[in-house]
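What follows is a short report on a single structure.
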2 protein chains.
Amino acid sequence: MSVKPSIAPGTPANMGVDYVISYDYAAAKDKAEATGQFTKLINAVHNVGMRTEVRDGSQGKVLVFVSIRSEQKLVGAVYRSRVKDWLHGVRPAAPDKETQRSLDAEPLTEAERLRIVHAMLTQPTSDGGAGITPGKGEWTLVESIFPLHDSEFNKEWMKEWSTKWHVTPEDLRKLRDMYGEKVGFYFAFLQSYFSFLIVAAAVGAGAFFLLPQYSTFFAVANCLWSVIFVEYWKRQEVDLAVTWNVRNVSLLQHKRARFQPEGETQDPVTGEVVKVFPAWKRLLRQALQIPFALGASVILSAIYAVVFSIEIMITEVYNGPFKSILVFLPSVLLSVFVPMIIGVLTNVASRLTDFENYENESSYEAAMTQKVFVFNFICSYVPIFLTAFIYIPFGNVIVPRLDILGLMTEATEDDKASIFQVNPDRLRKQVFYFTVTAQAVNLAMETIVPVFKRKALKKATEIRNKRSNKAPASPIDHEDEKDFLTRVRNEAELSTYDVTDDLREMCMQFGYLSLFATVWPLAPVSFLINNWIELRSDAAKICIEMKRPVPYRADSIGPWLNNLGFLAWMGSITSAALVYMFSTPVAGQELPTALTVSGLLAAIFVSEHIYFIAGWAVRLALSKLDSPGLVKERQERYIVRKRFLEESVGVDRETEGKEGVLEQLGRSAYKFWDRQHGVEEAVEAGKLIILEEKKTQ
Amino acid sequence: MSVKPSIAPGTPANMGVDYVISYDYAAAKDKAEATGQFTKLINAVHNVGMRTEVRDGSQGKVLVFVSIRSEQKLVGAVYRSRVKDWLHGVRPAAPDKETQRSLDAEPLTEAERLRIVHAMLTQPTSDGGAGITPGKGEWTLVESIFPLHDSEFNKEWMKEWSTKWHVTPEDLRKLRDMYGEKVGFYFAFLQSYFSFLIVAAAVGAGAFFLLPQYSTFFAVANCLWSVIFVEYWKRQEVDLAVTWNVRNVSLLQHKRARFQPEGETQDPVTGEVVKVFPAWKRLLRQALQIPFALGASVILSAIYAVVFSIEIMITEVYNGPFKSILVFLPSVLLSVFVPMIIGVLTNVASRLTDFENYENESSYEAAMTQKVFVFNFICSYVPIFLTAFIYIPFGNVIVPRLDILGLMTEATEDDKASIFQVNPDRLRKQVFYFTVTAQAVNLAMETIVPVFKRKALKKATEIRNKRSNKAPASPIDHEDEKDFLTRVRNEAELSTYDVTDDLREMCMQFGYLSLFATVWPLAPVSFLINNWIELRSDAAKICIEMKRPVPYRADSIGPWLNNLGFLAWMGSITSAALVYMFSTPVAGQELPTALTVSGLLAAIFVSEHIYFIAGWAVRLALSKLDSPGLVKERQERYIVRKRFLEESVGVDRETEGKEGVLEQLGRSAYKFWDRQHGVEEAVEAGKLIILEEKKTQ
């Protein structure tokens, strides 16, 4: 797990390749377009100081290997990037004025090197980059730009993490040096969350075995745990960002290539003419999010409600033929309709976000994430909400009315109620499903399935090749490059890793805990086990199943942080409601009376205010603690300050001696200040007054 | 209203005096102590580069006039202070490297000059100051250090503000240049609040004449108004702080002279050994605030409750002899007991805050303010709370039980209820009292009474002097200094202005609006009128009744900002409760049923969440708007950035040409990168693949 010191070229095992550009000539309309765009590509890459090697990628692709031509060019770019960081407050201390010394003091990491080379390839030509935007604009045939895996690092990484219980900050630093801060933040978050889960699991197990069901004590403890975790992570994030020198890096925003300006204006700050899109217009467009979110919520909730009703009718009322088959109908309906509708809605969300026309990648991503969060929220939690807050309290009233098929027609009104009995255990079963079964299935889907899939695909290709009797059209490689090129061709076929998906998964998991752990306090135990594996399997996923990600920077887990806060707050409401409604012995058998409604509201009111006060207290307490990152930052600021202050001291000494300003004030002032000279005369004058020997001083 | 350009000496009318030190030798034990401390004082002042003149202050005092000896010394101090500000992020742009040019670009204001001279006199000797702490430590006989009023500026200020309707940002800037940012912030706040009151008054008047009593619409409008005002001011504060170059100035904290360290530790940042007080110990001591606040609340509330009960008994039940006199009993009781108890509690609060042992003046002040806010809150709002939430809903049940004196004994149980009837108009009358009568009385107390008091005192002294047949012991002055010294002696007798009192007054006024405007929507109209006068009378107060304040800096109205937020939040709760309870026709005649309790909670729940969402939305909307201050800040940052970037460009060009790093990677890599040379060969190689003419490249 070694990271190159200073500015050595890329990993030897990777032939010093920085990036591979996969050029998909088979997708071109004709050979002329294919060769034309290729020529442009090679020129563009050479123009920003890169050297290239071209190889056959097989299956209609050309692989262009890219490496920076002069290491000194890289050094300059790194230095400028660091100076820019310092000026934007990203790093607290200025880099040394001498370039080489700056690099010696803080050696270039793999991640920094790759990030800067990536910026040189993808930044707009106006900013000095090659302006290559894979798949977009004039680069329709450029499929992807990706770095090559460092298999030695990966092997060591896998080995280390799979044999140790606890991932240390040092492990995270190594990971960040290799894969960049964005990936680093995900794993740091996962590790922090895992550590907190140990406490939650202990408390949950205790509550499960020792406390009554729906215990108020556990609900409060769970709510406090959520608040403390969210606030702790907020602080931890800042600390990590400082330690990793990326604080406020999200403010150094990358322009979105697809931003469509609508007019020009003079920037009040820089005085340059910039292309803008009026803020009020964007605000109006953003307002569309509200009906969209409401509409999406209604549609998705309605589907769940309908399927839920069908399920209840089939499992708990229906007793006719084919029942054993019909019970699968709800699952089939959900697995057919929900992904379909989510697909449509995601498409609409993506168009809406395009329409909102953001200037920066980060605001675009944040806006899209918020929309997707709405779907995720509904799909994850609405089924449980339906059971807890509709089915159990109102089931006896509603279910008989759902009997549109007349399954209960034979019975009288009174009988109907007796045929159907609300099943109060349903809630617990459902929470168990979402927190154990679904998590396990998901983990399996992520880890085991892709392995089989890949093997099956390979087999299928082999068989197809055999059948068509065509010799495998493998390109003819130089003998000493054969292994290397085979590996690169494999990597080019892998998917691109998006850390957002993994973050979303963890965020939704946190939601189950915060919203519904009161129903089944063993949920955190299940998550604890799941996440120990998740932490390692996600590492394996990046190493094996994904292209090596471009090491982007980040100073936070981004919009998911707000979503965590939102879920913790929602948790304070649902936990109170659940405890109030179900902690009394035989709940669910009676309609809520007026008294219970006021009690419910009071419970929610109290719980929510406990949440607010706890959040405030935790923030206050955390703000009193010092963290290594913040001390480091203050230390570096102090050194800068001290140096500057030393430079500016002594200014007054040089120029002292300019007297005589008193004349400017006029004669009477001059006389006023002329009565006593020096300390002795002043003291004497005072003594005269004090000893009350009145005379004109 | 002219401010001195550049570094001219102090105002000519004030003989160029920067500060006057009032030395109270009459308070000394003996003449030796009096002369000893005086000698030390003169030496200390001379040692930091000041010149002095000593005059008789009459009535047992010596006046020491202080002015900086060399203007160049001042220039140096100003420059160092500005550099320090820049390094701490207080000002966005660095001052010019050349001292004089920096002062030309940004002339010294009166406030800056006085602040820096004050720092030289009062800072600890270890920081290069004279270390004079009036009344404390070794300076027991130093009564005060104060600057002299600029009567010309004051005259113009009074004239301008009393003749114009609206105070402009330019007016505030002039004020700040003269009296410093702390006073500037108070007036800026008052002006912003006044502008917002225009809207509130218009809405309130509309509601009063057009809407029914306790209108939901007005309650929501009022709640939104409160939120918008608080959020607007938060932003306005930041903007002003940037414009005035004082952003984050509160972080540049002044050490408290009375801080008692309990051990030493090495500062992790600077490496210096510093005296500290353990944070956990302070936290434990701070925990005493909770029982203290609760205790104080209970005691004060109990007094109000008892007096309230007596009042009800006397005015609404009692019908015996002396009723016309007895009705004044409650007011007498309150005006005797409340100030007494507040006095005791303030004393306790002050000791508690001392005990908490803060390191900095600002944290000490904030802690004290929070404690005082509790008393203020109770004295201002509890009487109304008692009427609204105890007397009206429960009066019929409680009042008969209060009849311990047996005033109702003749009647049967049934009759008791008929003797006493809750007076629903009481609430409105009470709010009217607090928002109109009490405000007017308070204004009169602040403005008119002191004038009479001063005149009466003067008269009394004259009469006493005449009676004792002693010639007025006026000191013998030089003829040309007579008028000046008389003026200084008068100023030395004035009180010290504390902006906190004025801020508290406004904050509590905002509370009435936010909490109870639904009861009487004309309250904002009353406040509008009151504050138009207040803005001017406070100005007059500073000019006439107070010593000229030392121009301290501030970047905010401090802890009052949080209190405003707290009151706006409380308002969302009380308004909902008031509207829910009283908007139905004949409220107050029935006991709340179970239904009304749940309704009340629902109303509060909804209202509170409207408050949260509105707060969030307002913050979001405000964050999209650009403000002149923030543009200015970004502009200055940009200029700094640009200059530095320009300096660091070109580093790579100088040293280009270092090739040959490929050898480090080994033979196979060297060969890998050696297949194609230059653009042409690379393009050619690509074309071969694209056109599918397979061969070894």
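In the structure tokens, each chain is lettered A, B, ... as it comes, each chain's residues begin at 1, and ligands are numbered from 1 in order of appearance.
Assigned to strand (DSSP E or B) in region 117-270 of chain B, given DSSP computed from backbone atoms, are B:Val142, B:Glu143, B:Ser144, B:Ile145, B:Phe146, B:Lys255, B:Glu264, B:Thr265, B:Gln266.
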Non-local contacts of region 435-443 of chain A (12 Å; only C-alpha atoms; under 6 positions in same chain excluded) as a short mmCIF file (atom, residue, chain, number, x, y, z; two decimals) with C-alpha atoms, in the first residue's frame:
```cif
data_model
loop_
_atom_site.label_atom_id
_atom_site.label_comp_id
_atom_site.auth_asym_id
_atom_site.auth_seq_id
_atom_site.Cartn_x
_atom_site.Cartn_y
_atom_site.Cartn_z
CA SER A 380 -38.52 2.92 1.44
CA TYR A 381 -40.83 4.18 4.12
CA ILE A 384 -44.39 0.95 6.80
CA ARG A 428 -43.01 -5.77 13.12
CA LYS A 429 -42.79 -8.27 10.28
CA VAL A 449 -24.52 -11.49 -8.44
CA PRO A 450 -22.09 -9.37 -10.49
CA ASP A 502 -23.60 3.98 -2.01
CA GLU A 505 -28.09 3.33 0.43
CA MET A 506 -26.54 4.22 3.80
CA MET A 508 -31.89 5.30 3.62
CA GLN A 509 -30.65 2.68 6.07
CA PHE A 510 -30.14 5.38 8.68
CA GLY A 511 -33.73 6.40 8.01
CA TYR A 512 -35.08 2.98 8.98
CA LEU A 513 -33.20 3.25 12.22
CA SER A 514 -34.29 6.76 13.03
CA LEU A 515 -37.91 6.30 11.96
CA PHE A 516 -38.79 2.74 12.93
CA ALA A 517 -36.22 1.24 15.31
CA VAL A 519 -40.83 -1.16 16.32
CA TRP A 520 -37.98 -3.67 16.31
CA PRO A 521 -34.99 -2.61 18.42
CA LEU A 522 -32.75 -5.28 16.91
CA ALA A 523 -32.60 -3.36 13.62
CA PRO A 524 -29.25 -1.70 14.51
CA VAL A 525 -27.74 -5.14 15.19
CA SER A 526 -28.71 -6.25 11.71
CA PHE A 527 -27.27 -3.04 10.24
CA LEU A 528 -24.08 -3.44 12.22
CA ILE A 529 -23.43 -6.84 10.69
CA ASN A 530 -24.52 -5.69 7.26
CA ASN A 531 -22.26 -2.65 7.32
CA TRP A 532 -19.16 -4.50 8.47
CA ILE A 533 -19.48 -6.48 5.26
CA GLU A 534 -20.64 -3.45 3.26
CA LEU A 535 -17.52 -1.50 4.14
CA ARG A 536 -15.36 -4.30 2.74
CA SER A 537 -17.57 -5.31 -0.15
CA ASP A 538 -17.77 -1.72 -1.36
CA LYS A 541 -16.59 -3.47 -5.70
#
```
Would you mind writing down, as a list of chain:residue names, each residue of region 466-512 of chain B that DSSP on the backbone assigns to alpha helix (DSSP H)? B:Lys466, B:Arg467, B:Lys482, B:Asp483, B:Phe484, B:Leu485, B:Thr486, B:Arg487, B:Val488, B:Arg489, B:Asn490, B:Glu491, B:Ala492, B:Glu493, B:Val499, B:Thr500, B:Asp501, B:Asp502, B:Leu503, B:Arg504, B:Glu505, B:Met506, B:Cys507, B:Met508, B:Gln509, B:Phe510, B:Gly511, B:Tyr512
Would you output that residue set with N, CA and C atoms, as a PDB file, in the first residue's frame?
```
ATOM      1  N   LYS B 466     -25.043  78.077  49.034  1.00  0.00           N
ATOM      2  CA  LYS B 466     -25.434  79.358  49.603  1.00  0.00           C
ATOM      3  C   LYS B 466     -25.611  79.246  51.105  1.00  0.00           C
ATOM      4  N   ARG B 467     -26.351  78.175  51.487  1.00  0.00           N
ATOM      5  CA  ARG B 467     -26.666  77.982  52.898  1.00  0.00           C
ATOM      6  C   ARG B 467     -25.409  77.862  53.737  1.00  0.00           C
ATOM      7  N   LYS B 482     -10.952  78.494  30.535  1.00  0.00           N
ATOM      8  CA  LYS B 482     -12.083  78.461  31.467  1.00  0.00           C
ATOM      9  C   LYS B 482     -13.285  77.697  30.897  1.00  0.00           C
ATOM     10  N   ASP B 483     -13.734  78.150  29.734  1.00  0.00           N
ATOM     11  CA  ASP B 483     -14.931  77.526  29.148  1.00  0.00           C
ATOM     12  C   ASP B 483     -14.702  76.042  28.887  1.00  0.00           C
ATOM     13  N   PHE B 484     -13.540  75.752  28.325  1.00  0.00           N
ATOM     14  CA  PHE B 484     -13.206  74.372  27.984  1.00  0.00           C
ATOM     15  C   PHE B 484     -13.221  73.490  29.229  1.00  0.00           C
ATOM     16  N   LEU B 485     -12.571  73.954  30.300  1.00  0.00           N
ATOM     17  CA  LEU B 485     -12.477  73.133  31.507  1.00  0.00           C
ATOM     18  C   LEU B 485     -13.848  72.964  32.169  1.00  0.00           C
ATOM     19  N   THR B 486     -14.660  74.011  32.129  1.00  0.00           N
ATOM     20  CA  THR B 486     -16.011  73.883  32.689  1.00  0.00           C
ATOM     21  C   THR B 486     -16.754  72.773  31.957  1.00  0.00           C
ATOM     22  N   ARG B 487     -16.668  72.782  30.637  1.00  0.00           N
ATOM     23  CA  ARG B 487     -17.340  71.763  29.846  1.00  0.00           C
ATOM     24  C   ARG B 487     -16.820  70.367  30.211  1.00  0.00           C
ATOM     25  N   VAL B 488     -15.501  70.217  30.319  1.00  0.00           N
ATOM     26  CA  VAL B 488     -14.930  68.906  30.636  1.00  0.00           C
ATOM     27  C   VAL B 488     -15.396  68.452  32.010  1.00  0.00           C
ATOM     28  N   ARG B 489     -15.422  69.390  32.978  1.00  0.00           N
ATOM     29  CA  ARG B 489     -15.864  69.005  34.331  1.00  0.00           C
ATOM     30  C   ARG B 489     -17.301  68.516  34.299  1.00  0.00           C
ATOM     31  N   ASN B 490     -18.134  69.171  33.494  1.00  0.00           N
ATOM     32  CA  ASN B 490     -19.523  68.710  33.359  1.00  0.00           C
ATOM     33  C   ASN B 490     -19.573  67.308  32.759  1.00  0.00           C
ATOM     34  N   GLU B 491     -18.795  67.102  31.687  1.00  0.00           N
ATOM     35  CA  GLU B 491     -18.830  65.800  31.019  1.00  0.00           C
ATOM     36  C   GLU B 491     -18.354  64.692  31.953  1.00  0.00           C
ATOM     37  N   ALA B 492     -17.387  65.035  32.814  1.00  0.00           N
ATOM     38  CA  ALA B 492     -16.853  64.020  33.729  1.00  0.00           C
ATOM     39  C   ALA B 492     -17.921  63.538  34.704  1.00  0.00           C
ATOM     40  N   GLU B 493     -18.926  64.393  34.960  1.00  0.00           N
ATOM     41  CA  GLU B 493     -19.970  64.016  35.912  1.00  0.00           C
ATOM     42  C   GLU B 493     -21.063  63.153  35.281  1.00  0.00           C
ATOM     43  N   VAL B 499     -24.855  50.545  25.538  1.00  0.00           N
ATOM     44  CA  VAL B 499     -25.772  50.301  24.439  1.00  0.00           C
ATOM     45  C   VAL B 499     -26.643  49.060  24.714  1.00  0.00           C
ATOM     46  N   THR B 500     -26.187  48.176  25.601  1.00  0.00           N
ATOM     47  CA  THR B 500     -26.949  46.968  25.906  1.00  0.00           C
ATOM     48  C   THR B 500     -28.352  47.289  26.424  1.00  0.00           C
ATOM     49  N   ASP B 501     -28.463  48.338  27.264  1.00  0.00           N
ATOM     50  CA  ASP B 501     -29.777  48.683  27.813  1.00  0.00           C
ATOM     51  C   ASP B 501     -30.749  49.059  26.710  1.00  0.00           C
ATOM     52  N   ASP B 502     -30.256  49.857  25.757  1.00  0.00           N
ATOM     53  CA  ASP B 502     -31.135  50.281  24.670  1.00  0.00           C
ATOM     54  C   ASP B 502     -31.518  49.092  23.795  1.00  0.00           C
ATOM     55  N   LEU B 503     -30.558  48.195  23.552  1.00  0.00           N
ATOM     56  CA  LEU B 503     -30.863  47.006  22.747  1.00  0.00           C
ATOM     57  C   LEU B 503     -31.897  46.139  23.452  1.00  0.00           C
ATOM     58  N   ARG B 504     -31.743  46.004  24.770  1.00  0.00           N
ATOM     59  CA  ARG B 504     -32.683  45.170  25.517  1.00  0.00           C
ATOM     60  C   ARG B 504     -34.094  45.716  25.382  1.00  0.00           C
ATOM     61  N   GLU B 505     -34.196  47.042  25.515  1.00  0.00           N
ATOM     62  CA  GLU B 505     -35.513  47.667  25.423  1.00  0.00           C
ATOM     63  C   GLU B 505     -36.203  47.321  24.103  1.00  0.00           C
ATOM     64  N   MET B 506     -35.442  47.438  23.003  1.00  0.00           N
ATOM     65  CA  MET B 506     -36.013  47.172  21.684  1.00  0.00           C
ATOM     66  C   MET B 506     -36.353  45.691  21.520  1.00  0.00           C
ATOM     67  N   CYS B 507     -35.499  44.846  22.077  1.00  0.00           N
ATOM     68  CA  CYS B 507     -35.714  43.413  21.951  1.00  0.00           C
ATOM     69  C   CYS B 507     -36.988  43.005  22.688  1.00  0.00           C
ATOM     70  N   MET B 508     -37.186  43.565  23.875  1.00  0.00           N
ATOM     71  CA  MET B 508     -38.389  43.227  24.627  1.00  0.00           C
ATOM     72  C   MET B 508     -39.624  43.782  23.908  1.00  0.00           C
ATOM     73  N   GLN B 509     -39.473  44.938  23.279  1.00  0.00           N
ATOM     74  CA  GLN B 509     -40.594  45.502  22.528  1.00  0.00           C
ATOM     75  C   GLN B 509     -40.967  44.573  21.374  1.00  0.00           C
ATOM     76  N   PHE B 510     -39.944  44.078  20.676  1.00  0.00           N
ATOM     77  CA  PHE B 510     -40.203  43.133  19.582  1.00  0.00           C
ATOM     78  C   PHE B 510     -40.958  41.919  20.114  1.00  0.00           C
ATOM     79  N   GLY B 511     -40.640  41.519  21.324  1.00  0.00           N
ATOM     80  CA  GLY B 511     -41.320  40.382  21.941  1.00  0.00           C
ATOM     81  C   GLY B 511     -42.811  40.602  22.089  1.00  0.00           C
ATOM     82  N   TYR B 512     -43.214  41.800  22.543  1.00  0.00           N
ATOM     83  CA  TYR B 512     -44.656  42.074  22.662  1.00  0.00           C
ATOM     84  C   TYR B 512     -45.354  41.874  21.328  1.00  0.00           C
TER      85      TYR B 512
END
```
Need to verify the contact set: Val550 (chain B), 9 Å, only C-alpha atoms, exclusion of same-chain residues closer than 6 positions in sequence. Can you return it as a VMD selection string? chain B and resid 111 114 to 115 118 145 to 147 179 to 180
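As for CA of Ser192 (chain B) and CA of Arg637 (chain B), they are spaced 28.2 Å apart.
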Skipping near chain neighbours, those fewer than 2 positions away, what residues fall within 12 Å of Ala576 (chain B) using only C-alpha atoms, listed as a PyMOL selection string? chain B and resi 214-223+514-519+569-574+578-583+599-611
Let me see the file: selected residues, N, CA and C atoms, as a short mmCIF file (atom, residue, chain, number, x, y, z; two decimals), in the first residue's frame.
```cif
data_model
loop_
_atom_site.label_atom_id
_atom_site.label_comp_id
_atom_site.auth_asym_id
_atom_site.auth_seq_id
_atom_site.Cartn_x
_atom_site.Cartn_y
_atom_site.Cartn_z
N TYR B 214 -58.78 38.43 16.92
CA TYR B 214 -58.02 37.19 16.91
C TYR B 214 -58.09 36.50 15.55
N SER B 215 -57.85 37.30 14.52
CA SER B 215 -57.92 36.75 13.16
C SER B 215 -56.72 35.84 12.89
N THR B 216 -57.00 34.67 12.31
CA THR B 216 -55.94 33.74 11.94
C THR B 216 -55.01 34.38 10.91
N PHE B 217 -55.64 35.10 9.97
CA PHE B 217 -54.84 35.72 8.91
C PHE B 217 -53.81 36.67 9.50
N PHE B 218 -54.26 37.52 10.42
CA PHE B 218 -53.32 38.46 11.01
C PHE B 218 -52.24 37.74 11.82
N ALA B 219 -52.65 36.68 12.53
CA ALA B 219 -51.67 35.93 13.34
C ALA B 219 -50.57 35.37 12.45
N VAL B 220 -50.98 34.77 11.31
CA VAL B 220 -49.98 34.20 10.39
C VAL B 220 -49.11 35.32 9.82
N ALA B 221 -49.76 36.42 9.41
CA ALA B 221 -49.00 37.53 8.84
C ALA B 221 -47.98 38.05 9.86
N ASN B 222 -48.41 38.15 11.10
CA ASN B 222 -47.55 38.67 12.15
C ASN B 222 -46.36 37.74 12.40
N CYS B 223 -46.66 36.44 12.40
CA CYS B 223 -45.60 35.44 12.60
C CYS B 223 -44.59 35.51 11.45
N SER B 514 -44.31 40.10 18.69
CA SER B 514 -44.29 38.72 18.21
C SER B 514 -45.22 37.84 19.03
N LEU B 515 -45.28 38.07 20.34
CA LEU B 515 -46.06 37.19 21.20
C LEU B 515 -47.54 37.57 21.26
N PHE B 516 -47.83 38.88 21.32
CA PHE B 516 -49.19 39.26 21.68
C PHE B 516 -49.88 40.21 20.70
N ALA B 517 -49.27 40.47 19.53
CA ALA B 517 -49.91 41.44 18.63
C ALA B 517 -51.29 40.96 18.21
N THR B 518 -51.53 39.65 18.22
CA THR B 518 -52.85 39.14 17.83
C THR B 518 -53.94 39.65 18.77
N VAL B 519 -53.57 39.96 20.01
CA VAL B 519 -54.57 40.44 20.96
C VAL B 519 -55.02 41.85 20.59
N TRP B 569 -39.83 32.62 17.66
CA TRP B 569 -40.28 31.22 17.76
C TRP B 569 -41.39 31.09 18.80
N MET B 570 -41.20 31.70 19.97
CA MET B 570 -42.24 31.69 21.00
C MET B 570 -43.53 32.28 20.44
N GLY B 571 -43.36 33.34 19.63
CA GLY B 571 -44.52 34.00 19.04
C GLY B 571 -45.35 33.05 18.21
N SER B 572 -44.67 32.15 17.49
CA SER B 572 -45.44 31.22 16.66
C SER B 572 -46.29 30.31 17.54
N ILE B 573 -45.86 30.06 18.77
CA ILE B 573 -46.63 29.21 19.67
C ILE B 573 -47.76 29.99 20.33
N THR B 574 -47.41 31.16 20.92
CA THR B 574 -48.46 31.89 21.64
C THR B 574 -49.53 32.40 20.70
N LEU B 578 -53.38 31.72 21.23
CA LEU B 578 -54.34 32.81 21.45
C LEU B 578 -55.46 32.75 20.44
N VAL B 579 -55.08 32.58 19.17
CA VAL B 579 -56.11 32.56 18.13
C VAL B 579 -57.04 31.38 18.34
N TYR B 580 -56.45 30.22 18.64
CA TYR B 580 -57.31 29.05 18.82
C TYR B 580 -58.25 29.23 19.99
N MET B 581 -57.76 29.81 21.08
CA MET B 581 -58.59 29.90 22.28
C MET B 581 -59.62 30.99 22.21
N PHE B 582 -59.29 32.10 21.55
CA PHE B 582 -60.17 33.27 21.67
C PHE B 582 -60.90 33.65 20.40
N SER B 583 -60.59 32.99 19.28
CA SER B 583 -61.25 33.45 18.06
C SER B 583 -62.71 32.96 18.01
N GLY B 599 -57.17 20.29 19.93
CA GLY B 599 -57.20 21.34 18.91
C GLY B 599 -56.10 22.35 19.16
N LEU B 600 -55.91 22.71 20.41
CA LEU B 600 -54.88 23.67 20.77
C LEU B 600 -53.49 23.16 20.36
N LEU B 601 -53.24 21.90 20.70
CA LEU B 601 -51.96 21.31 20.34
C LEU B 601 -51.78 21.27 18.83
N ALA B 602 -52.85 20.93 18.13
CA ALA B 602 -52.76 20.88 16.67
C ALA B 602 -52.45 22.27 16.12
N ALA B 603 -53.12 23.29 16.67
CA ALA B 603 -52.90 24.66 16.21
C ALA B 603 -51.45 25.06 16.43
N ILE B 604 -50.94 24.74 17.63
CA ILE B 604 -49.55 25.08 17.93
C ILE B 604 -48.60 24.33 17.01
N PHE B 605 -48.88 23.04 16.82
CA PHE B 605 -48.03 22.21 15.97
C PHE B 605 -47.95 22.80 14.56
N VAL B 606 -49.11 23.12 14.00
CA VAL B 606 -49.15 23.67 12.65
C VAL B 606 -48.40 25.00 12.61
N SER B 607 -48.70 25.86 13.56
CA SER B 607 -48.11 27.20 13.55
C SER B 607 -46.59 27.12 13.68
N GLU B 608 -46.13 26.27 14.58
CA GLU B 608 -44.69 26.16 14.79
C GLU B 608 -44.00 25.68 13.51
N HIS B 609 -44.65 24.76 12.80
CA HIS B 609 -44.01 24.26 11.58
C HIS B 609 -44.08 25.28 10.45
N ILE B 610 -45.14 26.09 10.46
CA ILE B 610 -45.15 27.21 9.50
C ILE B 610 -43.95 28.09 9.79
N TYR B 611 -43.71 28.33 11.08
CA TYR B 611 -42.56 29.15 11.47
C TYR B 611 -41.25 28.56 10.95
#
```
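When only C-alpha atoms are used to measure the gap to chain B, the shortest distance among A:Glu545, A:Glu53, A:Asp30, A:Glu365 belongs to A:Glu53.
The interatomic distance for the pair CA of His254 (chain A) and CA of Ser363 (chain A) works out to 9.8 Å.
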Counting only C-alpha atoms, what is within 9 Å of region 343-349 of chain B, bar same-chain residues fewer than 4 positions away, as a list of chain:residue names? B:Gln289, B:Phe292, B:Ala296, B:Val338, B:Pro339, B:Thr353, B:Asp354, B:Met368, B:Lys371, B:Val372, B:Phe375
Can you tell me, as a list of chain:residue names, what residues are no more than 7 Å from Phe65 (chain A) when counting only C-alpha atoms, ignoring any on the same chain fewer than 5 positions away? A:Val17, A:Tyr19, A:Val20, A:Ile21, A:Thr52, A:Glu53, A:Val54
Nearest to chain B among A:Glu237, A:Glu311, A:Glu636, A:Asp555, with distances taken over only C-alpha atoms: which residue is it? A:Glu636
